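Asks: Contents are mmCIF, C-alpha atoms; file name query32.cif:
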```cif
data_protein
#
loop_
_atom_site.label_atom_id
_atom_site.label_comp_id
_atom_site.auth_asym_id
_atom_site.auth_seq_id
_atom_site.Cartn_x
_atom_site.Cartn_y
_atom_site.Cartn_z
CA MET D 1 25.78 0.78 -23.37
CA VAL D 2 25.81 -1.90 -20.68
CA GLU D 3 25.46 -5.63 -21.42
CA LEU D 4 22.76 -7.08 -19.17
CA ILE D 5 23.08 -10.70 -18.05
CA TRP D 6 19.82 -12.37 -17.04
CA ASP D 7 20.72 -15.72 -15.48
CA GLU D 8 18.09 -18.41 -14.84
CA HIS D 9 17.72 -17.42 -11.18
CA PHE D 10 16.96 -13.80 -12.04
CA LYS D 11 14.56 -14.82 -14.83
CA LYS D 12 12.53 -16.80 -12.27
CA LEU D 13 12.52 -13.89 -9.83
CA TYR D 14 11.46 -11.49 -12.59
CA THR D 15 8.64 -13.80 -13.75
CA LYS D 16 7.32 -14.07 -10.19
CA TRP D 17 7.61 -10.30 -9.67
CA VAL D 18 5.69 -9.56 -12.89
CA ARG D 19 2.94 -12.00 -11.88
CA GLN D 20 2.60 -10.16 -8.57
CA HIS D 21 2.87 -6.68 -10.14
CA PRO D 22 1.62 -6.80 -13.75
CA GLU D 23 0.95 -3.06 -13.66
CA LEU D 24 4.72 -2.45 -13.38
CA LYS D 25 5.82 -4.50 -16.40
CA ALA D 26 5.84 -1.54 -18.83
CA LEU D 27 7.62 0.69 -16.31
CA PHE D 28 10.23 -2.02 -15.75
CA ALA D 29 10.83 -2.24 -19.51
CA LYS D 30 11.40 1.51 -19.64
CA LYS D 31 13.73 1.49 -16.61
CA ILE D 32 15.83 -1.47 -17.80
CA VAL D 33 16.41 0.22 -21.19
CA GLN D 34 17.32 3.44 -19.41
CA PHE D 35 19.68 1.49 -17.14
CA ALA D 36 21.36 -0.24 -20.11
CA GLU D 37 21.94 3.14 -21.75
CA ASP D 38 23.13 4.92 -18.58
CA PRO D 39 23.39 2.95 -15.31
CA PHE D 40 23.78 6.16 -13.35
CA HIS D 41 20.89 8.14 -14.83
CA PRO D 42 19.63 10.38 -11.99
CA SER D 43 16.06 9.02 -12.14
CA LEU D 44 17.32 5.50 -11.32
CA LYS D 45 18.98 6.61 -8.08
CA THR D 46 21.67 3.95 -8.56
CA HIS D 47 23.70 3.36 -5.42
CA SER D 48 26.14 0.90 -3.92
CA LEU D 49 24.90 -1.30 -1.11
CA SER D 50 26.37 -1.94 2.31
CA GLY D 51 26.18 -4.60 4.99
CA VAL D 52 25.63 -8.16 3.79
CA LEU D 53 25.06 -6.83 0.25
CA LYS D 54 28.31 -4.84 0.17
CA GLY D 55 29.84 -4.89 -3.29
CA LEU D 56 26.45 -5.00 -5.00
CA TRP D 57 24.42 -2.14 -6.45
CA SER D 58 20.75 -1.22 -6.71
CA PHE D 59 18.52 1.03 -8.77
CA ARG D 60 14.97 2.20 -8.24
CA ILE D 61 12.10 0.91 -10.36
CA THR D 62 9.48 2.65 -8.21
CA TYR D 63 9.55 4.21 -4.77
CA GLU D 64 8.99 0.72 -3.33
CA HIS D 65 10.67 -1.62 -5.87
CA ARG D 66 14.36 -2.17 -6.51
CA LEU D 67 16.63 -4.14 -8.80
CA VAL D 68 19.89 -5.45 -7.30
CA PHE D 69 22.82 -6.04 -9.63
CA ASP D 70 26.59 -6.39 -9.83
CA PHE D 71 29.09 -4.86 -12.23
CA LEU D 72 31.18 -7.74 -13.59
CA ASP D 73 34.08 -5.71 -14.94
CA LYS D 74 36.05 -2.65 -13.89
CA HIS D 75 34.79 -0.65 -16.88
CA ARG D 76 31.18 -1.27 -15.80
CA THR D 77 30.11 -2.58 -19.19
CA LYS D 78 28.73 -5.96 -18.03
CA VAL D 79 26.03 -6.29 -15.39
CA LEU D 80 24.63 -9.39 -13.71
CA LEU D 81 21.01 -8.88 -12.61
CA ILE D 82 20.63 -10.48 -9.19
CA ASP D 83 17.33 -9.67 -7.47
CA ILE D 84 14.11 -7.72 -7.97
CA GLY D 85 11.37 -6.90 -5.51
CA SER D 86 10.17 -4.55 -2.84
CA HIS D 87 12.65 -2.65 -0.71
CA LYS D 88 11.88 -5.03 2.16
CA GLU D 89 12.32 -8.17 0.00
CA VAL D 90 15.67 -7.36 -1.60
CA TYR D 91 17.41 -5.75 1.36
#
```
Taking this structure as input, can you express it in the form of structure tokens?
Replies:
Amino acid sequence: MVELIWDEHFKKLYTKWVRQHPELKALFAKKIVQFAEDPFHPSLKTHSLSGVLKGLWSFRITYEHRLVFDFLDKHRTKVLLIDIGSHKEVY
């Protein structure tokens, strides 16, 4: 199981995202639990990023929405949540 770190910046982004997309709150809860249990579950489509976001990772909440994160240790047991939003917003 992965330890998720929600810093103050991410909490603000998440709060704003939920206000804009209240219909996705329950789905997010399901996906974040799934991610904590298995960050590479096939339905999440977890992948490493490139370009200016090289070194970071992303998983799919919906076809349009993503969560950007970083593994904080080599064993991939601690994760810092960085950004959440539409594909266009986070990339």
Asks: Which residues match the PyMOL selection byres ((chain D and resi 17) around 12) in the file above, as a list of chain:residue names?
Replies: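 Evaluating the PyMOL selection byres ((chain D and resi 17) around 12) on this file yields D:Phe10, D:Lys11, D:Lys12, D:Leu13, D:Tyr14, D:Thr15, D:Lys16, D:Val18, D:Arg19, D:Gln20, D:His21, D:Pro22, D:Glu23, D:Leu24, D:Lys25, D:Phe28, D:His65, D:Arg66, D:Leu67, D:Asp83, D:Ile84, D:Gly85, D:Ser86, D:Glu89, D:Val90.
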Asks: Once you have the residues from the selection above, write them out as an mmCIF file, keeping the file's coordinate frame, restricted to C-alpha atoms.
Replies:
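Result written to part-v3.cif:
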```cif
data_model
loop_
_atom_site.group_PDB
_atom_site.id
_atom_site.type_symbol
_atom_site.label_atom_id
_atom_site.label_comp_id
_atom_site.auth_asym_id
_atom_site.auth_seq_id
_atom_site.Cartn_x
_atom_site.Cartn_y
_atom_site.Cartn_z
ATOM 1 C CA PHE D 10 16.960 -13.800 -12.040
ATOM 2 C CA LYS D 11 14.560 -14.820 -14.830
ATOM 3 C CA LYS D 12 12.530 -16.800 -12.270
ATOM 4 C CA LEU D 13 12.520 -13.890 -9.830
ATOM 5 C CA TYR D 14 11.460 -11.490 -12.590
ATOM 6 C CA THR D 15 8.640 -13.800 -13.750
ATOM 7 C CA LYS D 16 7.320 -14.070 -10.190
ATOM 8 C CA VAL D 18 5.690 -9.560 -12.890
ATOM 9 C CA ARG D 19 2.940 -12.000 -11.880
ATOM 10 C CA GLN D 20 2.600 -10.160 -8.570
ATOM 11 C CA HIS D 21 2.870 -6.680 -10.140
ATOM 12 C CA PRO D 22 1.620 -6.800 -13.750
ATOM 13 C CA GLU D 23 0.950 -3.060 -13.660
ATOM 14 C CA LEU D 24 4.720 -2.450 -13.380
ATOM 15 C CA LYS D 25 5.820 -4.500 -16.400
ATOM 16 C CA PHE D 28 10.230 -2.020 -15.750
ATOM 17 C CA HIS D 65 10.670 -1.620 -5.870
ATOM 18 C CA ARG D 66 14.360 -2.170 -6.510
ATOM 19 C CA LEU D 67 16.630 -4.140 -8.800
ATOM 20 C CA ASP D 83 17.330 -9.670 -7.470
ATOM 21 C CA ILE D 84 14.110 -7.720 -7.970
ATOM 22 C CA GLY D 85 11.370 -6.900 -5.510
ATOM 23 C CA SER D 86 10.170 -4.550 -2.840
ATOM 24 C CA GLU D 89 12.320 -8.170 0.000
ATOM 25 C CA VAL D 90 15.670 -7.360 -1.600
#
```
Asks: Quick one: residues within 10 Å of D:Pro39, only C-alpha atoms counted, chain neighbours fewer than 3 positions away excluded, as a list in words?
Replies: Met1, Val2, Lys31, Ile32, Val33, Gln34, Phe35, Ala36, Pro42, Leu44, Lys45, Thr46, His47, Ser58, Phe59, Arg76, Thr77 and Val79 of chain D
Asks: Report the distance between atom CA of D:Asp73 and atom CA of D:His87 in Å, rounded to one decimal place.
Replies: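 Atom CA of D:Asp73 sits 25.9 Å away from atom CA of D:His87.
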Asks: Taking into account all atoms listed in the file, which residue in the set D:His41, D:Lys78, D:Arg60, D:Lys54 is nearest to D:Leu4?
Replies: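 Result for the nearest residue to D:Leu4: D:Lys78.
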Asks: Run the PyMOL selection byres ((chain D and resi 56) around 7) against the file shown and list the residues it catches, as an MDAnalysis selection string.
Replies: chainID D and resid 48:49 53:55 57 68:70
Asks: Quick check, in Å to one decimal: how far apart do atom CA of D:His75 and atom CA of D:Ala26 lie?
Replies: 29.0 Å
Asks: Nearest to D:Gly51 among D:Tyr91, D:Glu3, D:His9, D:Glu64, with distances taken over all atoms listed in the file: which residue is it?
Replies: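 Answer, going by the shortest atom-to-atom distance: D:Tyr91.
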